[in-house]
Structure formats: structure tokens, C-alpha cells
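K.L.:
Coordinates in coords.pdb, PDB, C-alpha atoms, are listed below.
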ATOM      1  CA  MET P 114      13.022  -6.922  22.503
ATOM      2  CA  LEU P 115      10.126  -8.082  20.340
ATOM      3  CA  LEU P 116       9.161 -11.669  19.599
ATOM      4  CA  SER P 117       6.249 -12.163  17.242
ATOM      5  CA  LEU P 118       4.363 -14.932  15.492
ATOM      6  CA  ASP P 119       2.207 -13.925  12.532
ATOM      7  CA  ALA P 120      -0.099 -15.788  10.168
ATOM      8  CA  ILE P 121      -0.023 -14.401   6.625
ATOM      9  CA  LEU P 122      -3.451 -14.553   4.988
ATOM     10  CA  GLY P 123      -3.198 -12.744   1.657
ATOM     11  CA  ASP P 124      -3.207  -9.010   2.343
ATOM     12  CA  PHE P 125      -3.860  -9.604   6.065
ATOM     13  CA  ARG P 126      -1.496 -10.615   8.855
ATOM     14  CA  LEU P 127      -2.816 -11.814  12.195
ATOM     15  CA  GLY P 128      -0.333 -12.032  14.981
ATOM     16  CA  TYR P 129       0.775 -12.219  18.564
ATOM     17  CA  ALA P 130       3.741 -10.205  19.829
ATOM     18  CA  ARG P 131       5.579 -10.189  23.146
ATOM     19  CA  ARG P 132       7.504  -6.994  23.906
ATOM     20  CA  ILE P 133       9.990  -6.741  26.783
ATOM     21  CA  TYR P 134      11.544  -3.400  27.676
ATOM     22  CA  ARG P 135      14.054  -2.364  30.376
ATOM     23  CA  ARG P 136      15.536   1.121  30.470
ATOM     24  CA  ASP P 137      17.286   3.367  32.964
ATOM     25  CA  LEU P 138      15.549   6.735  33.186
ATOM     26  CA  PRO P 139      17.298  10.119  33.178
ATOM     27  CA  GLU P 140      17.923  11.728  36.529
ATOM     28  CA  GLY P 141      15.037  13.873  37.730
ATOM     29  CA  VAL P 142      12.163  11.714  36.463
ATOM     30  CA  THR P 143       9.392  11.494  39.064
ATOM     31  CA  LEU P 144       6.216   9.489  39.511
ATOM     32  CA  ASP P 145       3.672  10.859  41.985
ATOM     33  CA  GLY P 146       6.405  13.044  43.479
ATOM     34  CA  GLN P 147       8.885  10.179  43.954
ATOM     35  CA  ALA P 148      12.136   9.927  41.989
ATOM     36  CA  VAL P 149      12.313   6.822  39.763
ATOM     37  CA  ASP P 150      15.332   5.574  37.861
ATOM     38  CA  LEU P 151      14.147   2.483  35.937
ATOM     39  CA  LEU P 152      11.178   1.645  33.721
ATOM     40  CA  ALA P 153      10.469  -1.978  32.801
ATOM     41  CA  PHE P 154       7.457  -3.484  31.086
ATOM     42  CA  GLU P 155       6.270  -6.677  29.504
ATOM     43  CA  ALA P 156       3.432  -6.570  27.011
ATOM     44  CA  ASP P 157       1.345  -9.179  25.210
ATOM     45  CA  GLN P 158      -0.158  -7.884  21.975
ATOM     46  CA  LEU P 159      -2.716  -9.237  19.477
ATOM     47  CA  TRP P 160      -2.451  -7.621  16.037
ATOM     48  CA  VAL P 161      -4.190  -7.491  12.686
ATOM     49  CA  PHE P 162      -2.390  -5.791   9.799
ATOM     50  CA  HIS P 163      -3.772  -5.052   6.343
ATOM     51  CA  GLY P 164      -1.521  -4.112   3.486
ATOM     52  CA  PHE P 165      -0.352  -4.671  -0.048
ATOM     53  CA  SER P 166       2.765  -5.690  -1.933
ATOM     54  CA  PRO P 167       3.875  -3.110  -4.496
ATOM     55  CA  ARG P 168       6.684  -5.552  -5.354
ATOM     56  CA  ARG P 169       6.875  -9.285  -4.752
ATOM     57  CA  THR P 170       9.560  -8.807  -2.067
ATOM     58  CA  LEU P 171       7.929  -5.892  -0.216
ATOM     59  CA  TYR P 172       4.866  -5.757   2.040
ATOM     60  CA  LEU P 173       3.535  -2.446   3.405
ATOM     61  CA  GLY P 174       0.765  -2.499   5.974
ATOM     62  CA  TYR P 175      -1.120  -0.681   8.699
ATOM     63  CA  GLY P 176      -2.661  -2.325  11.697
ATOM     64  CA  ALA P 177      -4.418  -2.207  15.020
ATOM     65  CA  GLY P 178      -4.351  -4.367  18.063
ATOM     66  CA  LEU P 179      -4.938  -4.865  21.751
ATOM     67  CA  MET P 180      -2.219  -4.940  24.366
ATOM     68  CA  SER P 181      -2.031  -6.083  27.957
ATOM     69  CA  ARG P 182       0.960  -4.495  29.683
ATOM     70  CA  ARG P 183       2.518  -4.862  33.135
ATOM     71  CA  TYR P 184       4.953  -2.108  33.962
ATOM     72  CA  THR P 185       7.326  -1.444  36.820
ATOM     73  CA  PHE P 186       9.048   1.740  37.929
ATOM     74  CA  VAL P 187      11.893   1.397  40.419
ATOM     75  CA  ARG P 188      12.238   4.113  43.059
ATOM     76  CA  ALA P 189      15.610   5.838  43.037
ATOM     77  CA  ASP P 190      15.887   6.211  46.815
ATOM     78  CA  ASP P 191      15.126   2.692  48.089
ATOM     79  CA  GLY P 192      14.862   0.482  44.976
ATOM     80  CA  ASP P 193      11.265  -0.497  45.747
ATOM     81  CA  PRO P 194       9.125  -1.240  42.677
ATOM     82  CA  ILE P 195       5.921   0.550  41.731
ATOM     83  CA  GLN P 196       3.877  -1.836  39.563
ATOM     84  CA  ASP P 197       0.639  -1.670  37.634
ATOM     85  CA  THR P 198      -1.118  -3.342  34.704
ATOM     86  CA  GLU P 199      -3.285  -1.928  31.944
ATOM     87  CA  ALA P 200      -5.015  -2.889  28.703
ATOM     88  CA  LEU P 201      -4.703  -0.574  25.716
ATOM     89  CA  ALA P 202      -5.438  -0.209  22.034
ATOM     90  CA  VAL P 203      -2.372  -0.016  19.773
ATOM     91  CA  GLY P 204      -1.774   1.063  16.196
ATOM     92  CA  GLY P 205       1.087   0.419  13.864
ATOM     93  CA  LEU P 206       2.735   0.476  10.472
ATOM     94  CA  MET P 207       4.777  -2.364   9.002
ATOM     95  CA  ALA P 208       7.265  -2.711   6.163
ATOM     96  CA  ASP P 209       8.512  -6.231   5.438
ATOM     97  CA  TYR P 210      11.287  -6.674   2.856
ATOM     98  CA  ALA P 211      12.304 -10.165   1.669
ATOM     99  CA  PHE P 212      16.037  -9.638   1.124
ATOM    100  CA  ALA P 213      16.860 -13.375   1.038
ATOM    101  CA  PRO P 214      13.638 -15.409   1.141
ATOM    102  CA  PRO P 215      12.505 -16.919   3.445
ATOM    103  CA  PHE P 216      14.367 -14.286   5.546
ATOM    104  CA  THR P 217      12.939 -10.771   5.714
ATOM    105  CA  LEU P 218      13.702  -7.524   7.491
ATOM    106  CA  GLN P 219      10.606  -6.205   9.191
ATOM    107  CA  LEU P 220      10.220  -2.651  10.454
ATOM    108  CA  ARG P 221       7.335  -1.967  12.822
ATOM    109  CA  LEU P 222       6.356   1.503  14.013
ATOM    110  CA  THR P 223       3.879   1.293  16.874
ATOM    111  CA  ALA P 224       2.076   3.619  19.266
ATOM    112  CA  ASP P 225      -0.164   2.729  22.175
ATOM    113  CA  GLY P 226      -3.370   4.509  23.081
ATOM    114  CA  GLY P 227      -1.734   6.290  26.000
ATOM    115  CA  GLY P 228      -1.744   4.500  29.301
ATOM    116  CA  GLU P 229      -2.314   6.000  32.699
ATOM    117  CA  GLN P 230       1.426   6.391  33.466
ATOM    118  CA  VAL P 231       3.268   5.495  30.244
ATOM    119  CA  ARG P 232       2.816   6.298  26.548
ATOM    120  CA  ILE P 233       5.119   4.421  24.193
ATOM    121  CA  TRP P 234       5.981   4.987  20.549
ATOM    122  CA  ALA P 235       8.387   2.365  19.272
ATOM    123  CA  ALA P 236      10.351   1.476  16.154
ATOM    124  CA  THR P 237      11.467  -2.148  15.948
ATOM    125  CA  LEU P 238      13.670  -3.687  13.253
ATOM    126  CA  THR P 239      13.363  -7.471  13.239
ATOM    127  CA  LEU P 240      14.948 -10.299  11.302
ATOM    128  CA  ALA P 241      12.010 -12.539  10.388
ATOM    129  CA  TYR P 242      11.753 -16.046   8.989
ATOM    130  CA  HIS P 243       8.685 -17.077   6.982
ATOM    131  CA  LEU P 244       7.540 -20.692   7.217
ATOM    132  CA  PRO P 245       5.361 -21.763   4.300
ATOM    133  CA  LEU P 246       2.413 -23.934   5.363
TER     134      LEU P 246
END
Will you turn the file into C-alpha cells for me?

P.N.:
Amino acid sequence: MLLSLDAILGDFRLGYARRIYRRDLPEGVTLDGQAVDLLAFEADQLWVFHGFSPRRTLYLGYGAGLMSRRYTFVRADDGDPIQDTEALAVGGLMADYAFAPPFTLQLRLTADGGGEQVRIWAATLTLAYHLPL
């Protein structure tokens, strides 16, 4: 799940995003020699995107940001959590299509800088609402 709040400043977008992820892992995944069966993380992200609008209803952009992430692995044998936090650089691409203004469909492709235990590449399709100020 992704929840974001962005300020649109011409060709730039400044934003905050909160990403929450919970996923069962395939059998046989190990961490430091211990079997784990669940990965969960919560991440706070600060973004800046720069882009252009080839059409009035379409915005295409690229961006970079900083992320603070707390992740948890759950051990398969006893259910005990293994937790850690990390700060990373992130990069992304965005396409925002205004299909029924002020509603848009926003596609974000993101990749983190590669954490100590987890590297995540994500594609997120979001229904967005633009508030004019």
C-alpha cells in the first residue's frame, strides 16, 4: 500500500510517501541461516520528481528521494521477529494521467539503493486526487 502527498510546482513535484508492505515468503528463504516465512516493512519517503507534460493530461517524470525503512522478518520455526531499520536513497519514474480531472491514475516505478538485507523494486498504480490551491 502507498499513501502519498505531493505538492505540484510546475515541472517539479515534492512529496512524502508512506509505503506499507506485508508478504509471505516462499518456502526455503533463509536469513543468516534461519528459515523465515514473512517479510513486512514500513517506509517513510521524501521525494522530488522533475518532469514534463507532453499533453495537458499527462505528466512524465523521474525522481530521487530518501527513505527510512523499518523491516521485520518472521522466523518460520518459532514466529519470532527479526527487526532492523535503515536509511536509503531511492529513485523512481512517474507517469500521471488525468483521465477525469481532478482524478488521475499515477504509476510509480521505484527502486531503493539496496539495503543490508532487502532490495526492493516496486510498481505502484494509484488513484490520485489533485486539490488546486

K.L.:
As a PyMOL selection string, please: the residues near Phe154 in chain P (cut-off 10 Å, all atoms listed in the file, same-chain neighbours under 3 positions excluded).

P.N.:
chain P and resi 132-136+182-186+196-198+231

K.L.:
Keeping C-alpha atoms for every residue in the selection just given, could you write it to a file as a PDB file, keeping the file's coordinate frame?

P.N.:
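part_4.pdb, written as the output of this step:
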ATOM      1  CA  ARG P 132       7.504  -6.994  23.906  1.00  0.00           C
ATOM      2  CA  ILE P 133       9.990  -6.741  26.783  1.00  0.00           C
ATOM      3  CA  TYR P 134      11.544  -3.400  27.676  1.00  0.00           C
ATOM      4  CA  ARG P 135      14.054  -2.364  30.376  1.00  0.00           C
ATOM      5  CA  ARG P 136      15.536   1.121  30.470  1.00  0.00           C
ATOM      6  CA  ARG P 182       0.960  -4.495  29.683  1.00  0.00           C
ATOM      7  CA  ARG P 183       2.518  -4.862  33.135  1.00  0.00           C
ATOM      8  CA  TYR P 184       4.953  -2.108  33.962  1.00  0.00           C
ATOM      9  CA  THR P 185       7.326  -1.444  36.820  1.00  0.00           C
ATOM     10  CA  PHE P 186       9.048   1.740  37.929  1.00  0.00           C
ATOM     11  CA  GLN P 196       3.877  -1.836  39.563  1.00  0.00           C
ATOM     12  CA  ASP P 197       0.639  -1.670  37.634  1.00  0.00           C
ATOM     13  CA  THR P 198      -1.118  -3.342  34.704  1.00  0.00           C
ATOM     14  CA  VAL P 231       3.268   5.495  30.244  1.00  0.00           C
TER      15      VAL P 231
END

K.L.:
Rank P:Leu240, P:Ala189, P:Leu118, P:Ala208 by their smallest atom-to-atom distance to Leu152 in chain P, using only C-alpha atoms, and report the top residue only.

P.N.:
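The answer is P:Ala189, which sits nearest to Leu152 in chain P.
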
K.L.:
Counting all atoms listed in the file, which of P:Leu171, P:Ala148, P:Leu246, P:Val142 gets nearest to Ala211 in chain P?

P.N.:
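Comparing P:Leu171, P:Ala148, P:Leu246, P:Val142 against Ala211 in chain P, the winner is P:Leu171.
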
K.L.:
My list of candidates is P:Ala241, P:Ile195, P:Leu116, P:Ala200. Which is closest to Pro214 in chain P when distances are computed with only C-alpha atoms?

P.N.:
P:Ala241

K.L.:
Got a sec to resolve the PyMOL selection byres ((chain P and resi 119) around 10) on this structure and send the residues as a list of chain:residue names?

P.N.:
P:Ser117, P:Leu118, P:Ala120, P:Ile121, P:Leu122, P:Phe125, P:Arg126, P:Leu127, P:Gly128, P:Tyr129, P:Ala130, P:Leu159, P:Trp160, P:Val161, P:Phe162, P:His243

K.L.:
Calculate how many Å separate CA of Arg221 in chain P from CA of Leu244 in chain P, rounding to one decimal.

P.N.:
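Interatomic distance here is 19.5 Å.
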
K.L.:
Enter the distance from CA of Asp157 in chain P to CA of Tyr172 in chain P, in Å, rounded to one decimal.

P.N.:
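The value is 23.7 Å.
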